[in-house]
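This report concerns only the one structure given below.
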Amino acid sequence: MESLRETQIQLVQDKEYEEEIGPYYGKYLGTFLSARGQVRADLFDGGSQVIAYISFPTGLSASNVEDHYVDELYEYAKSQGFRDRFRLMFSE
């Protein structure tokens, strides 16, 4: 079951975003988009921490999102070997 989860999450690469934002946040790892696009998570490796910057492009708040994303992101971090330094940061 764990390997199934690993294959379900795929990060997309946004080169323009990487060039624009990357220098400020660290090495851009990619962007996670939830199943219905309710959640976007941009992942950056800042050295001591890997941070997923969470936003809600459809205008929903964290309490109204129905797409699964937290467990998926933590499983991805575990599969990539950085679970112990992985953090989520939510936009307001």
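Every chain in the structure tokens has a letter given in the order shown (A, B, ...), and although residue numbers restart at 1 in each chain, ligands are simply numbered from 1 in the order shown.
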
Subject >> DSSP-assigned helix (DSSP H, G or I) members of region 3-72 of chain A, reported as a list in words >> reply: Ser3, Leu4, Arg5, Glu6, Thr7, Gln8, Lys15, Glu16, Tyr17, Glu18, Glu19, Glu20, Ile21, Gly22, Pro23, Tyr24, Tyr25, Val70, Asp71 and Glu72 of chain A

**OP:** Tell me which protein, DNA and RNA residues are within 10 Å of Leu29 (chain A), counting only C-alpha atoms, leaving out same-chain ones fewer than 2 positions away, and put them as a ChimeraX atom specification.
**Re:** /A:11-14,18,22,26-27,31-32,42-45,50-52

Selection from above, all heavy atoms, as a tab-separated table (two decimals), in the first residue's frame, can you write it?
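Saved to part14.tsv:
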```
chain	number	residue	atom	x	y	z
A	11	LEU	N	5.39	15.49	-8.56
A	11	LEU	CA	5.61	16.92	-8.57
A	11	LEU	C	5.78	17.39	-10.01
A	11	LEU	O	6.46	16.73	-10.80
A	11	LEU	CB	6.86	17.29	-7.77
A	11	LEU	CG	6.86	16.88	-6.31
A	11	LEU	CD1	8.14	17.37	-5.64
A	11	LEU	CD2	5.65	17.42	-5.57
A	12	VAL	N	5.15	18.48	-10.34
A	12	VAL	CA	5.34	19.08	-11.66
A	12	VAL	C	6.41	20.16	-11.53
A	12	VAL	O	6.60	20.74	-10.46
A	12	VAL	CB	4.02	19.67	-12.23
A	12	VAL	CG1	3.01	18.57	-12.48
A	12	VAL	CG2	3.44	20.71	-11.32
A	13	GLN	N	7.09	20.43	-12.60
A	13	GLN	CA	8.14	21.45	-12.61
A	13	GLN	C	7.63	22.71	-13.30
A	13	GLN	O	7.09	22.64	-14.40
A	13	GLN	CB	9.38	20.92	-13.34
A	13	GLN	CG	9.99	19.69	-12.68
A	13	GLN	CD	10.45	19.96	-11.27
A	13	GLN	OE1	11.17	20.92	-11.00
A	13	GLN	NE2	10.05	19.11	-10.34
A	14	ASP	N	7.80	23.82	-12.65
A	14	ASP	CA	7.39	25.11	-13.17
A	14	ASP	C	8.65	25.98	-13.26
A	14	ASP	O	9.04	26.62	-12.28
A	14	ASP	CB	6.34	25.74	-12.25
A	14	ASP	CG	5.77	27.05	-12.76
A	14	ASP	OD1	6.44	27.71	-13.60
A	14	ASP	OD2	4.67	27.42	-12.32
A	18	GLU	N	10.25	28.66	-10.64
A	18	GLU	CA	11.56	28.36	-10.04
A	18	GLU	C	12.52	29.53	-10.18
A	18	GLU	O	13.20	29.92	-9.23
A	18	GLU	CB	12.16	27.12	-10.70
A	18	GLU	CG	13.54	26.77	-10.21
A	18	GLU	CD	14.12	25.55	-10.91
A	18	GLU	OE1	13.59	25.14	-11.97
A	18	GLU	OE2	15.12	25.03	-10.40
A	22	GLY	N	12.67	30.80	-6.59
A	22	GLY	CA	13.73	29.94	-6.08
A	22	GLY	C	14.85	30.62	-5.33
A	22	GLY	O	15.24	30.15	-4.25
A	26	GLY	N	15.21	28.73	-1.60
A	26	GLY	CA	16.07	27.56	-1.66
A	26	GLY	C	15.88	26.81	-2.96
A	26	GLY	O	15.28	27.32	-3.90
A	27	LYS	N	16.35	25.59	-2.98
A	27	LYS	CA	16.25	24.77	-4.20
A	27	LYS	C	14.80	24.33	-4.41
A	27	LYS	O	14.21	23.67	-3.56
A	27	LYS	CB	17.16	23.55	-4.08
A	27	LYS	CG	17.11	22.66	-5.29
A	27	LYS	CD	17.95	21.42	-5.13
A	27	LYS	CE	17.78	20.54	-6.36
A	27	LYS	NZ	18.41	19.24	-6.17
A	31	THR	N	6.19	21.21	-7.72
A	31	THR	CA	4.88	21.64	-7.25
A	31	THR	C	3.93	20.46	-7.24
A	31	THR	O	3.82	19.73	-8.23
A	31	THR	CB	4.31	22.75	-8.16
A	31	THR	OG1	5.19	23.88	-8.09
A	31	THR	CG2	2.92	23.17	-7.74
A	32	PHE	N	3.24	20.28	-6.13
A	32	PHE	CA	2.20	19.27	-5.97
A	32	PHE	C	0.86	19.95	-6.19
A	32	PHE	O	0.59	21.02	-5.64
A	32	PHE	CB	2.26	18.68	-4.56
A	32	PHE	CG	1.02	17.93	-4.16
A	32	PHE	CD1	0.80	16.64	-4.59
A	32	PHE	CD2	0.07	18.53	-3.33
A	32	PHE	CE1	-0.35	15.95	-4.21
A	32	PHE	CE2	-1.08	17.85	-2.94
A	32	PHE	CZ	-1.29	16.56	-3.39
A	42	ASP	N	4.15	24.13	-3.15
A	42	ASP	CA	5.45	24.34	-3.79
A	42	ASP	C	6.52	23.93	-2.79
A	42	ASP	O	6.58	24.47	-1.68
A	42	ASP	CB	5.60	25.81	-4.18
A	42	ASP	CG	4.55	26.23	-5.19
A	42	ASP	OD1	4.52	25.64	-6.27
A	42	ASP	OD2	3.75	27.13	-4.87
A	43	LEU	N	7.34	22.97	-3.18
A	43	LEU	CA	8.34	22.42	-2.28
A	43	LEU	C	9.72	23.00	-2.56
A	43	LEU	O	10.16	23.04	-3.71
A	43	LEU	CB	8.41	20.90	-2.41
A	43	LEU	CG	7.32	20.10	-1.68
A	43	LEU	CD1	5.96	20.32	-2.30
A	43	LEU	CD2	7.68	18.63	-1.67
A	44	PHE	N	10.37	23.44	-1.47
A	44	PHE	CA	11.71	24.02	-1.55
A	44	PHE	C	12.60	23.40	-0.48
A	44	PHE	O	12.18	23.21	0.66
A	44	PHE	CB	11.66	25.54	-1.31
A	44	PHE	CG	11.02	26.29	-2.42
A	44	PHE	CD1	9.66	26.55	-2.42
A	44	PHE	CD2	11.77	26.76	-3.49
A	44	PHE	CE1	9.05	27.25	-3.44
A	44	PHE	CE2	11.18	27.47	-4.53
A	44	PHE	CZ	9.82	27.72	-4.50
A	45	ASP	N	13.82	23.09	-0.89
A	45	ASP	CA	14.83	22.58	0.05
A	45	ASP	C	15.74	23.73	0.42
A	45	ASP	O	16.53	24.21	-0.40
A	45	ASP	CB	15.62	21.45	-0.60
A	45	ASP	CG	16.55	20.76	0.38
A	45	ASP	OD1	16.86	21.34	1.44
A	45	ASP	OD2	16.98	19.63	0.07
A	50	VAL	N	13.01	21.20	4.50
A	50	VAL	CA	12.28	21.17	3.23
A	50	VAL	C	10.88	21.66	3.58
A	50	VAL	O	10.22	21.12	4.45
A	50	VAL	CB	12.23	19.75	2.62
A	50	VAL	CG1	11.35	19.74	1.38
A	50	VAL	CG2	13.64	19.26	2.30
A	51	ILE	N	10.47	22.72	2.90
A	51	ILE	CA	9.19	23.34	3.22
A	51	ILE	C	8.25	23.26	2.03
A	51	ILE	O	8.62	23.56	0.91
A	51	ILE	CB	9.37	24.81	3.64
A	51	ILE	CG1	10.28	24.89	4.87
A	51	ILE	CG2	8.02	25.48	3.91
A	51	ILE	CD1	10.61	26.29	5.32
A	52	ALA	N	7.01	22.84	2.33
A	52	ALA	CA	5.94	22.85	1.34
A	52	ALA	C	5.08	24.07	1.64
A	52	ALA	O	4.45	24.16	2.69
A	52	ALA	CB	5.11	21.58	1.44
```

**OP:** Go through region 56-89 of chain A and collect every residue that DSSP, computed from the backbone, puts in strand (DSSP E); the answer should be as a PyMOL selection string.
**Re:** chain A and resi 86-89

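In this comparison, which uses only C-alpha atoms, the residue of A:Met89, A:Tyr74, A:Gly46, A:Ser79 approaching Tyr24 (chain A) most closely is A:Gly46.
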
Original post:
Which residue gives the smallest distance to Glu72 (chain A) among A:Tyr17, A:Leu33, A:Gln49, A:Tyr25, with only C-alpha atoms counted?
Top reply: A:Leu33

Subject >> Phe90 (chain A) environment, 12 Å, only C-alpha atoms, sequence neighbours closer than 6 positions dropped, as a count of residues only >> reply: 14
